[in-house]
Amino acid sequence: MTTDIEEPNLNRNKKKEEKAREKELKKQKALEKAQLIKLKVLPPPNVTGALHIGHALTAAIQDTIIRWKRMSGYNALWVPGMDHAGIATQVVVEKKLMRERHLTRHDVGREEFLSEVLNWTKEYGGTILRQLRRLGASLDWSRECFTMDEKRSRAVTEAFVRLYEEGLIYRDIRLVNWDFVLRTAIGNMEIEEIEIDGKTLLEVPGYENPVEFGVLTLFAYPLEGGLGEIVVATSRVETIFGDTAIAIHPEDERYSHMLGKFAIHPFNGRKIPIICDADSVKQEFGTGAVKITPAHDADDFATGKRHNLEFINIFTDDGLVNGNGGPDFEGMPRFKARVAVIKALQKKGLYRGARNYGMRLPLCSRSKDVVEKMIKPQWYVNCKSMGMEALNAAMDGKLEIIPKQYTAEWRRWLESIHDWCISRQLWWGHRIPAWYVTLEDDELKKLGSYNDHWIVARDEKEALAEATKRFVGKKFEMCQDPDVLDTWFSSSLFPLSVLGWPDETDDLKAFYPTSVLETGHDILFFWVARMVMLGSKLGVDIPFRKVYLHPMIRDAHGRKMSKSLGNVIDPIEIINGISLDGLHKRLEEGNLDPKELDVAKAGQIIDFPHGISECGADALRFALISYTAQSGKINLDIQRVVGYRNWCNKLWNVVRFGMSKLGEDYVPPTTIHPENTCFSCKWILSVLNKAISKTVASLNSYEFSDAASTVYSWWQYQFCDVFIEAIKPYFAAAGDDPAFASERSSARDALWVCLETGLRLLHPFMPFVTEELWQRLPAVEEGCTRKESIMLCEYPSSVEGWTNERAEYEMDLVESTVKCIRSLRAEVLGKSTKGRLPAFAICTDEVAEMMRSHELEIKTLASLSSLNVLLSGTNEAPAGCPFETVNENLIIYLKLVQGSVDAEAEREKLKNKMAEIQKQHEKLTKIMSASGYQEKVPCRIQEDNAAKVAKLEQDLRNLKCRQW
């Protein structure tokens, strides 16, 4: 008796121990494969306003990956961050200051202006984070960071100092892209070039009247000693004051006699040497003689270096002609000086006319000012060695770029990389950690006059100690460089700084290098390459192993998103919906000038005449992810999002249907054995298994659109359209009907398994609706604790024993048969005819057996009253019945109710259809019988054509039989 009681207890304890060991083993395996999937909302959304639809795409893709990996047992980290966006933020706040208080930043001073910016970042930073939550981004909110916060700022300073000490950061005088409105150097990322075919008038900030571009001005330089003249052509005649040479081509015989002579500057009398330079002159351009302005043109800068020319800057930082323009032009805005110079040349008799000139005009994307090349002392990063490391990482396979075509772009950029100008003459940003020492006995007192007077240090105290040590016994004053660092410098450090670098933190040890970076292909060089360069230099390793580059979003017409066009979309406007008036109001609250505002409103009226429908976050995310198959750009159509919103409603309804069939007292199975279930259940579990495998494979290969399409197709075309309809008869029968008792039980279990597994499969793409529906499903009992959230469940993996090729083959035949019946019914009777009709199937022995065994599924899915299966060769086709060929082994006949169809009209339709097929047959036969067809046409095409002819002949035979 005692033994009988104790033995089961011992067995139970043993089973518990085994389960505990299995659980621990699973946990250990999970830890062994744990790795960081670190995805950043980066470049962190610029703290200049609300997120746009491009950020929504980034969030959707990144959150899909992070949820999938987290559910797959990985130690996944996703850190929320925002970028201070130096230029963008400063521009927005400056416009706000001017609009509200009619003041410039210089009017209020640096300290008050920075206070204004900080208030702005707090307001809009909160907006951005709220938007990310609405999008369902499952970030680790406890690690929220900002590129200007204390930890990130410390990392920026440390990086600058270390790179300087290694000789990789230096100061030099070079050409930079200068914006006169912002009064700062800008990077290539902030420049957009516009094509000009010829004479064009454009609005330029700071000028009341439009400025003329696309014109080549010709004027003469008189030669020294009255020996004649040399005519040059330029699109920027106002830069004449900076000319220090005239270049000719060594093979141009027109000017060979002038080589080594001098021209005389028409306004200041300066002698201008005539030099020979094949690299800077094209004989066919202009007059074949080129004015060289080394301080204001990139090509001329190189020429000036080669020939040791003088570099003369002619503009002030705000775009006025400086003292080098002479008393007649000093103080003039540069484009007013353009007009004045032409008039002065005409007065001197040196003007030689103008021509239309196609050109690319560089504009600042922020201020819309025409960018000027200016020679300035700036801080630079030497990128040569770091760029080579970044290049080798991709070429050696250490870094994978997806899609692969961008690897060539990576190579092109890094093989020709230039040193990186990191100085910006802004007030908002990381102040450069460099102090300039002015000695009491220095002849020149201007900041930066002596390059060896700079001290780079981590703070002022360290700088003072270094200065005292370097300038022993000398009196000096010290001030920090007023410039700030390029925003991309701090963003490039983000993979390191977000994990606590430069400290050796546990996070840094656990999560660096990270696994994958996801971003847009437009910043592959500006951000991604620089992260790899600085990461490998300062973090000892590249910051990530994979880079996934998503397409760029454009509007439905393929236009770039632009506030001035009115086609920029806030993702929340799609999630919540918004009226046309609401869209207009959002524009009015922005920084557009009145002309741009009118254009933008007109654009919104065309694109969104009724506003934007409420779609929800799930539909928006799914639509964006489904677009990612387009590798270059996405033309976003809001109606596609609306379509997925409707599909979310269908999911809701199908789960509600499933719950009604499960019943309140239903207890889900811990496991399901397909071999003991009905045919439809075997099939749905098999195709679910394949959908799982394909989805996971697509996610692993970063084919997100394919993954989304696979999940959608299973839910829509297999689960909803076929399985749900096929099992309805089991539940329609009386509850005590023994005929369907077994099928009803297995259908319930398969239904629950499909709903629960399917929701987990879909969850990374649509987190909100799947969470809500999953919570409503009954949970597995037997001691299993229900997870708090679907996102904490395991992601589905294929199950051994679920795949059933035979069931899939048979269901394919069932679906083909149903499709033919529906098509035949629609063709003969039209879509409006209701009621069930009888059908006949003429088929071979093997097919007949399958048709009989699946008679219920075919009748249910095709809405038939009966299905009579007849053997071909032994049974005659029913007289007067239209038919359709499913395959060579199966023909379906539909029996019509007398008078339900107009026989004469049907005969006419068949006659027309036969004529069209006959025409196609004759055309293809003629091509195939043409001379040289067999020798010239590839075998594959010949085979395709032969198959088409055979199909057309079969169709003709079938139609002839239908002439009833």
# chains A, B, ... in the order shown; residues from 1 in each chain; ligands from 1
call {"tool": "closest_atom_pairs", "arguments": {"of": "range 462-509 of chain A", "to": "range 154-169 of chain A", "cutoff": "10 Å", "atoms": "only C-alpha atoms", "output": "CSV"}}
result
residue,atom,partner,partner_atom,distance
A:Leu485,CA,A:Val156,CA,9.1
A:Phe489,CA,A:Val156,CA,7.7
A:Ser490,CA,A:Val156,CA,5.9
A:Ser491,CA,A:Val156,CA,9.4
A:Ser492,CA,A:Val156,CA,9.6
A:Leu493,CA,A:Val156,CA,7.3
A:Phe494,CA,A:Ala155,CA,9.1
A:Leu496,CA,A:Ala155,CA,8.3
A:Ser497,CA,A:Ala155,CA,5.9
A:Val498,CA,A:Ala155,CA,9.3
A:Gly500,CA,A:Ala155,CA,8.3
A:Trp501,CA,A:Ala155,CA,6.4
A:Pro502,CA,A:Ala155,CA,6.0
A:Asp503,CA,A:Ala155,CA,9.0
call {"tool": "write_last_selection", "arguments": {"atoms": "N, CA and C atoms", "output": "compact mmCIF listing (two decimals), in the first residue's frame"}}
result
# COMPACT_ATOMS: atom_id res chain seq x y z
N LEU A 485 31.11 71.47 -33.08
CA LEU A 485 31.42 70.34 -33.96
C LEU A 485 30.25 69.98 -34.87
N PHE A 489 29.63 64.27 -36.10
CA PHE A 489 30.74 63.79 -35.27
C PHE A 489 30.18 63.07 -34.03
N SER A 490 29.23 63.71 -33.35
CA SER A 490 28.65 63.07 -32.16
C SER A 490 27.79 61.87 -32.55
N SER A 491 27.07 61.96 -33.69
CA SER A 491 26.27 60.82 -34.15
C SER A 491 27.14 59.63 -34.51
N SER A 492 28.32 59.90 -35.02
CA SER A 492 29.23 58.81 -35.40
C SER A 492 29.77 58.06 -34.19
N LEU A 493 29.70 58.69 -33.03
CA LEU A 493 30.17 58.05 -31.79
C LEU A 493 29.06 57.31 -31.07
N PHE A 494 27.82 57.42 -31.59
CA PHE A 494 26.66 56.94 -30.84
C PHE A 494 26.73 55.47 -30.45
N LEU A 496 29.13 53.81 -29.55
CA LEU A 496 30.01 53.74 -28.39
C LEU A 496 29.43 54.50 -27.19
N SER A 497 29.06 55.75 -27.43
CA SER A 497 28.65 56.61 -26.33
C SER A 497 27.37 56.13 -25.66
N VAL A 498 26.48 55.50 -26.42
CA VAL A 498 25.22 55.04 -25.84
C VAL A 498 25.44 53.89 -24.87
N GLY A 500 28.13 53.79 -22.85
CA GLY A 500 28.93 54.26 -21.73
C GLY A 500 30.36 54.61 -22.04
N TRP A 501 30.82 54.42 -23.30
CA TRP A 501 32.18 54.81 -23.65
C TRP A 501 32.36 56.30 -23.37
N PRO A 502 33.51 56.73 -22.87
CA PRO A 502 34.82 56.05 -22.82
C PRO A 502 35.07 55.17 -21.61
N ASP A 503 34.10 55.06 -20.68
CA ASP A 503 34.27 54.16 -19.55
C ASP A 503 34.12 52.71 -20.00
call {"tool": "closest_atom_pairs", "arguments": {"of": "range 91-187 of chain A", "to": "range 312-324 of chain A", "cutoff": "12 Å", "atoms": "only C-alpha atoms", "output": "CSV"}}
result
residue,atom,partner,partner_atom,distance
A:Ile173,CA,A:Asn313,CA,11.8
A:Arg174,CA,A:Asn313,CA,11.4
A:Leu175,CA,A:Asn313,CA,10.4
A:Asn177,CA,A:Asp317,CA,11.8
A:Trp178,CA,A:Asp317,CA,8.2
A:Asp179,CA,A:Asp318,CA,8.2
A:Phe180,CA,A:Asp318,CA,4.6
A:Val181,CA,A:Asp318,CA,6.5
A:Leu182,CA,A:Asp318,CA,8.2
A:Arg183,CA,A:Asp317,CA,5.7
A:Thr184,CA,A:Asp317,CA,7.9
A:Ala185,CA,A:Asp317,CA,9.9
call {"tool": "residues_around", "arguments": {"residues": "Phe679 in chain A", "least_positions_apart": "6", "cutoff": "12 Å", "atoms": "only C-alpha atoms", "output": "compact mmCIF listing (two decimals) with N, CA and C atoms, in the first residue's frame"}}
result
# COMPACT_ATOMS: atom_id res chain seq x y z
N LEU A 685 -2.28 23.00 -40.89
CA LEU A 685 -1.08 22.92 -40.06
C LEU A 685 0.17 22.79 -40.93
N SER A 686 0.03 22.08 -42.05
CA SER A 686 1.18 21.90 -42.95
C SER A 686 1.56 23.23 -43.59
N PHE A 723 -9.58 27.52 -44.82
CA PHE A 723 -9.77 26.70 -43.62
C PHE A 723 -11.04 27.08 -42.87
N ALA A 726 -13.94 25.85 -44.75
CA ALA A 726 -14.00 24.39 -44.86
C ALA A 726 -14.49 23.72 -43.59
N ILE A 727 -14.24 24.32 -42.43
CA ILE A 727 -14.65 23.67 -41.16
C ILE A 727 -16.04 24.11 -40.70
N SER A 742 -15.83 13.90 -34.16
CA SER A 742 -14.37 13.84 -34.20
C SER A 742 -13.79 15.02 -34.95
N GLU A 743 -14.40 15.33 -36.14
CA GLU A 743 -13.92 16.46 -36.94
C GLU A 743 -14.05 17.77 -36.18
N ARG A 744 -15.20 17.91 -35.46
CA ARG A 744 -15.43 19.15 -34.72
C ARG A 744 -14.37 19.32 -33.63
N SER A 746 -11.24 18.00 -33.54
CA SER A 746 -9.92 18.29 -34.12
C SER A 746 -9.89 19.68 -34.74
N ALA A 747 -11.04 20.11 -35.32
CA ALA A 747 -11.12 21.44 -35.91
C ALA A 747 -10.94 22.52 -34.84
N ALA A 750 -7.21 22.58 -33.94
CA ALA A 750 -6.43 23.18 -35.03
C ALA A 750 -6.72 24.68 -35.13
N ASN A 804 2.81 18.11 -44.33
CA ASN A 804 2.11 16.98 -44.96
C ASN A 804 1.95 17.30 -46.45
N ARG A 806 1.21 15.38 -48.95
CA ARG A 806 0.04 14.77 -49.58
C ARG A 806 -1.20 15.63 -49.36
N ALA A 807 -1.39 16.09 -48.14
CA ALA A 807 -2.55 16.94 -47.83
C ALA A 807 -2.51 18.23 -48.65
N GLU A 808 -1.31 18.80 -48.81
CA GLU A 808 -1.18 20.04 -49.59
C GLU A 808 -1.49 19.78 -51.06
N TYR A 809 -1.02 18.64 -51.58
CA TYR A 809 -1.28 18.30 -52.97
C TYR A 809 -2.78 18.15 -53.21
N GLU A 810 -3.45 17.46 -52.30
CA GLU A 810 -4.88 17.23 -52.45
C GLU A 810 -5.67 18.53 -52.30
N MET A 811 -5.25 19.39 -51.36
CA MET A 811 -5.96 20.65 -51.20
C MET A 811 -5.72 21.58 -52.40
N VAL A 814 -8.30 20.53 -54.72
CA VAL A 814 -9.59 21.04 -54.24
C VAL A 814 -9.73 22.52 -54.59
N MET A 850 -9.88 10.99 -54.91
CA MET A 850 -9.64 12.21 -54.13
C MET A 850 -10.88 13.10 -54.12
N SER A 853 -13.38 11.78 -51.68
CA SER A 853 -12.99 11.93 -50.28
C SER A 853 -13.07 13.39 -49.82
N HIS A 854 -13.03 14.32 -50.79
CA HIS A 854 -13.08 15.75 -50.42
C HIS A 854 -14.32 16.43 -50.97
N GLU A 855 -15.36 15.62 -51.14
CA GLU A 855 -16.62 16.16 -51.67
C GLU A 855 -17.16 17.27 -50.77
N LEU A 856 -17.08 17.08 -49.45
CA LEU A 856 -17.62 18.08 -48.52
C LEU A 856 -16.90 19.42 -48.66
N GLU A 857 -15.55 19.37 -48.72
CA GLU A 857 -14.79 20.61 -48.84
C GLU A 857 -15.13 21.34 -50.14
call {"tool": "residues_around", "arguments": {"residues": "Asp396 in chain A", "least_positions_apart": "6", "cutoff": "12 Å", "atoms": "only C-alpha atoms", "output": "JSON, numbers by chain"}}
result
{"A": [388, 389, 390, 407, 411, 545]}
call {"tool": "write_last_selection", "arguments": {"atoms": "N, CA and C atoms", "output": "PDB file, in the first residue's frame"}}
result
ATOM      1  N   MET A 388      40.269  53.507 -45.024  1.00  0.00           N
ATOM      2  CA  MET A 388      40.750  52.252 -45.594  1.00  0.00           C
ATOM      3  C   MET A 388      40.318  51.065 -44.729  1.00  0.00           C
ATOM      4  N   GLU A 389      40.327  51.248 -43.409  1.00  0.00           N
ATOM      5  CA  GLU A 389      39.866  50.187 -42.508  1.00  0.00           C
ATOM      6  C   GLU A 389      38.387  49.896 -42.742  1.00  0.00           C
ATOM      7  N   ALA A 390      37.606  50.963 -42.890  1.00  0.00           N
ATOM      8  CA  ALA A 390      36.169  50.794 -43.130  1.00  0.00           C
ATOM      9  C   ALA A 390      35.922  50.105 -44.463  1.00  0.00           C
ATOM     10  N   THR A 407      27.312  48.119 -51.620  1.00  0.00           N
ATOM     11  CA  THR A 407      28.726  47.871 -51.330  1.00  0.00           C
ATOM     12  C   THR A 407      29.612  48.608 -52.334  1.00  0.00           C
ATOM     13  N   ARG A 411      32.449  51.411 -51.513  1.00  0.00           N
ATOM     14  CA  ARG A 411      33.821  51.360 -52.041  1.00  0.00           C
ATOM     15  C   ARG A 411      34.180  52.656 -52.761  1.00  0.00           C
ATOM     16  N   ARG A 545      27.917  44.447 -37.324  1.00  0.00           N
ATOM     17  CA  ARG A 545      28.305  43.441 -38.314  1.00  0.00           C
ATOM     18  C   ARG A 545      27.481  43.534 -39.610  1.00  0.00           C
TER      19      ARG A 545
END
call {"tool": "closest_residue", "arguments": {"among": "A:Asn356, A:Thr104, A:Ser745, A:Asn912", "to": "Lys199 in chain A", "atoms": "only C-alpha atoms"}}
result
A:Asn356
call {"tool": "closest_residue", "arguments": {"among": "A:Ala85, A:Lys261, A:Ile692, A:Val211", "to": "Gly225 in chain A", "atoms": "only C-alpha atoms"}}
result
A:Lys261
call {"tool": "select_by_dssp", "arguments": {"residues": "range 654-855 of chain A", "states": "strand (DSSP E)", "output": "JSON, numbers by chain"}}
result
{"A": [837, 838, 839, 840, 841, 842, 843]}
call {"tool": "write_last_selection", "arguments": {"atoms": "C-alpha atoms", "output": "PDB file, in the first residue's frame"}}
result
ATOM      1  CA  LEU A 837     -26.170  24.376 -58.035  1.00  0.00           C
ATOM      2  CA  PRO A 838     -25.278  20.727 -58.680  1.00  0.00           C
ATOM      3  CA  ALA A 839     -22.004  19.894 -60.410  1.00  0.00           C
ATOM      4  CA  PHE A 840     -20.400  16.893 -62.097  1.00  0.00           C
ATOM      5  CA  ALA A 841     -16.748  15.903 -62.172  1.00  0.00           C
ATOM      6  CA  ILE A 842     -15.443  13.740 -65.043  1.00  0.00           C
ATOM      7  CA  CYS A 843     -12.011  12.439 -63.995  1.00  0.00           C
TER       8      CYS A 843
END
call {"tool": "closest_residue", "arguments": {"among": "A:Glu884, A:Trp413, A:His55, A:Tyr170", "to": "Met552 in chain A", "atoms": "only C-alpha atoms"}}
result
A:His55
call {"tool": "closest_residue", "arguments": {"among": "A:Ala732, A:Val687, A:Ala629, A:Ala278", "to": "Ser709 in chain A", "atoms": "only C-alpha atoms"}}
result
A:Ala629
call {"tool": "closest_residue", "arguments": {"among": "A:Leu761, A:Ile634, A:Leu829, A:Met533", "to": "Lys694 in chain A", "atoms": "only C-alpha atoms"}}
result
A:Leu761
call {"tool": "residues_around", "arguments": {"residues": "Asp522 in chain A", "least_positions_apart": "3", "cutoff": "9 Å", "atoms": "only C-alpha atoms", "output": "PyMOL selection string"}}
result
chain A and resi 519+525-526+549+551-552
call {"tool": "closest_residue", "arguments": {"among": "A:Gly577, A:Pro222, A:Pro729, A:Gly228", "to": "Gly269 in chain A", "atoms": "only C-alpha atoms"}}
result
A:Pro222
call {"tool": "select_by_dssp", "arguments": {"residues": "range 139-386 of chain A", "states": "helix (DSSP H, G or I)", "output": "JSON, numbers by chain"}}
result
{"A": [141, 142, 143, 150, 151, 152, 153, 154, 155, 156, 157, 158, 159, 160, 161, 162, 163, 164, 165, 188, 189, 190, 224, 225, 226, 237, 238, 239, 240, 241, 242, 256, 257, 258, 298, 299, 300, 301, 302, 303, 304, 305, 306, 307, 323, 324, 325, 334, 335, 336, 337, 338, 339, 340, 341, 342, 343, 344, 345, 346, 347, 348, 384, 385, 386]}
call {"tool": "write_last_selection", "arguments": {"atoms": "C-alpha atoms", "output": "short mmCIF file (atom, residue, chain, number, x, y, z; two decimals), in the first residue's frame"}}
result
data_model
loop_
_atom_site.label_atom_id
_atom_site.label_comp_id
_atom_site.auth_asym_id
_atom_site.auth_seq_id
_atom_site.Cartn_x
_atom_site.Cartn_y
_atom_site.Cartn_z
CA TRP A 141 13.07 53.57 -22.40
CA SER A 142 15.27 53.44 -19.28
CA ARG A 143 18.29 54.13 -21.52
CA GLU A 150 26.26 64.96 -20.19
CA LYS A 151 27.42 61.41 -20.99
CA ARG A 152 27.34 61.87 -24.75
CA SER A 153 29.06 65.27 -24.47
CA ARG A 154 31.86 63.73 -22.41
CA ALA A 155 32.33 61.03 -25.06
CA VAL A 156 32.53 63.67 -27.81
CA THR A 157 35.21 65.60 -25.95
CA GLU A 158 37.21 62.46 -25.22
CA ALA A 159 37.05 61.34 -28.85
CA PHE A 160 38.23 64.74 -30.09
CA VAL A 161 41.16 64.80 -27.67
CA ARG A 162 42.27 61.24 -28.44
CA LEU A 163 42.08 61.74 -32.20
CA TYR A 164 44.00 65.02 -31.88
CA GLU A 165 46.71 63.38 -29.80
CA ASN A 188 27.68 68.10 -48.29
CA MET A 189 24.68 66.55 -46.55
CA GLU A 190 23.13 70.01 -46.18
CA GLU A 224 50.35 94.42 -69.56
CA GLY A 225 52.08 96.93 -71.81
CA GLY A 226 49.08 97.42 -74.09
CA VAL A 237 31.67 87.52 -62.43
CA GLU A 238 31.48 89.00 -58.91
CA THR A 239 34.48 86.85 -57.88
CA ILE A 240 36.73 88.95 -60.15
CA PHE A 241 38.26 90.59 -57.06
CA GLY A 242 39.73 87.22 -56.01
CA SER A 256 50.51 80.30 -76.70
CA HIS A 257 52.10 83.72 -77.32
CA MET A 258 50.61 85.03 -74.05
CA ALA A 298 37.39 74.00 -55.60
CA ASP A 299 39.12 73.44 -58.96
CA ASP A 300 40.85 76.83 -58.74
CA PHE A 301 41.99 76.00 -55.21
CA ALA A 302 43.86 72.96 -56.57
CA THR A 303 45.28 75.08 -59.40
CA GLY A 304 46.41 77.69 -56.90
CA LYS A 305 48.23 75.02 -54.87
CA ARG A 306 49.96 73.66 -57.98
CA HIS A 307 51.16 77.10 -59.11
CA GLY A 323 37.90 95.40 -48.47
CA ASN A 324 39.50 93.43 -51.32
CA GLY A 325 36.67 94.69 -53.54
CA ARG A 334 27.60 89.55 -53.53
CA PHE A 335 24.77 89.31 -56.08
CA LYS A 336 24.25 93.07 -56.17
CA ALA A 337 28.00 93.28 -56.73
CA ARG A 338 27.49 90.90 -59.71
CA VAL A 339 25.28 93.49 -61.42
CA ALA A 340 27.57 96.37 -60.43
CA VAL A 341 30.68 94.60 -61.80
CA ILE A 342 29.01 93.98 -65.19
CA LYS A 343 28.02 97.66 -65.41
CA ALA A 344 31.55 98.72 -64.47
CA LEU A 345 33.05 96.41 -67.11
CA GLN A 346 30.69 97.84 -69.71
CA LYS A 347 31.74 101.35 -68.72
CA LYS A 348 35.40 100.38 -69.15
CA LYS A 384 42.64 58.20 -45.03
CA SER A 385 43.70 55.33 -42.75
CA MET A 386 40.34 55.02 -40.99
#
call {"tool": "residues_around", "arguments": {"residues": "Arg105 in chain A", "least_positions_apart": "5", "cutoff": "12 Å", "atoms": "only C-alpha atoms", "output": "list in words"}}
result
Gln90, Val91, Val92, Val93, Glu94, Lys95, Lys96, Leu97, Met98, Arg110, Glu111, Glu112, Phe113, Leu114, Ser115, Glu116, Val117, Val181, Leu182, Arg183, Leu426, Trp427 and Trp428 of chain A
call {"tool": "write_last_selection", "arguments": {"atoms": "C-alpha atoms", "output": "short mmCIF file (atom, residue, chain, number, x, y, z; two decimals), in the first residue's frame"}}
result
data_model
loop_
_atom_site.label_atom_id
_atom_site.label_comp_id
_atom_site.auth_asym_id
_atom_site.auth_seq_id
_atom_site.Cartn_x
_atom_site.Cartn_y
_atom_site.Cartn_z
CA GLN A 90 19.39 76.40 -35.00
CA VAL A 91 17.60 77.34 -38.25
CA VAL A 92 14.19 76.46 -36.81
CA VAL A 93 14.74 78.39 -33.59
CA GLU A 94 16.20 81.39 -35.43
CA LYS A 95 13.10 81.52 -37.64
CA LYS A 96 10.89 81.22 -34.58
CA LEU A 97 12.79 84.04 -32.89
CA MET A 98 12.41 86.27 -35.92
CA ARG A 110 24.65 83.35 -27.33
CA GLU A 111 23.52 82.52 -23.79
CA GLU A 112 19.88 83.56 -24.25
CA PHE A 113 19.71 81.95 -27.68
CA LEU A 114 20.94 78.60 -26.31
CA SER A 115 18.29 78.85 -23.60
CA GLU A 116 15.68 79.24 -26.35
CA VAL A 117 17.05 76.19 -28.14
CA VAL A 181 22.48 83.21 -44.05
CA LEU A 182 23.60 80.78 -41.36
CA ARG A 183 27.14 82.21 -41.32
CA LEU A 426 27.06 77.73 -34.94
CA TRP A 427 26.02 78.31 -31.35
CA TRP A 428 24.03 75.12 -30.85
#
call {"tool": "atom_distance", "arguments": {"atom1": "CA of Gly603 in chain A", "atom2": "CA of Thr127 in chain A"}}
result
25.8 Å
call {"tool": "residues_around", "arguments": {"residues": "Asp845 in chain A", "least_positions_apart": "3", "cutoff": "10 Å", "atoms": "only C-alpha atoms", "output": "list in words"}}
result
Ile842, Ala848, Glu849, Met850, Met851, Leu870, Leu871, Ser872 and Asn889 of chain A
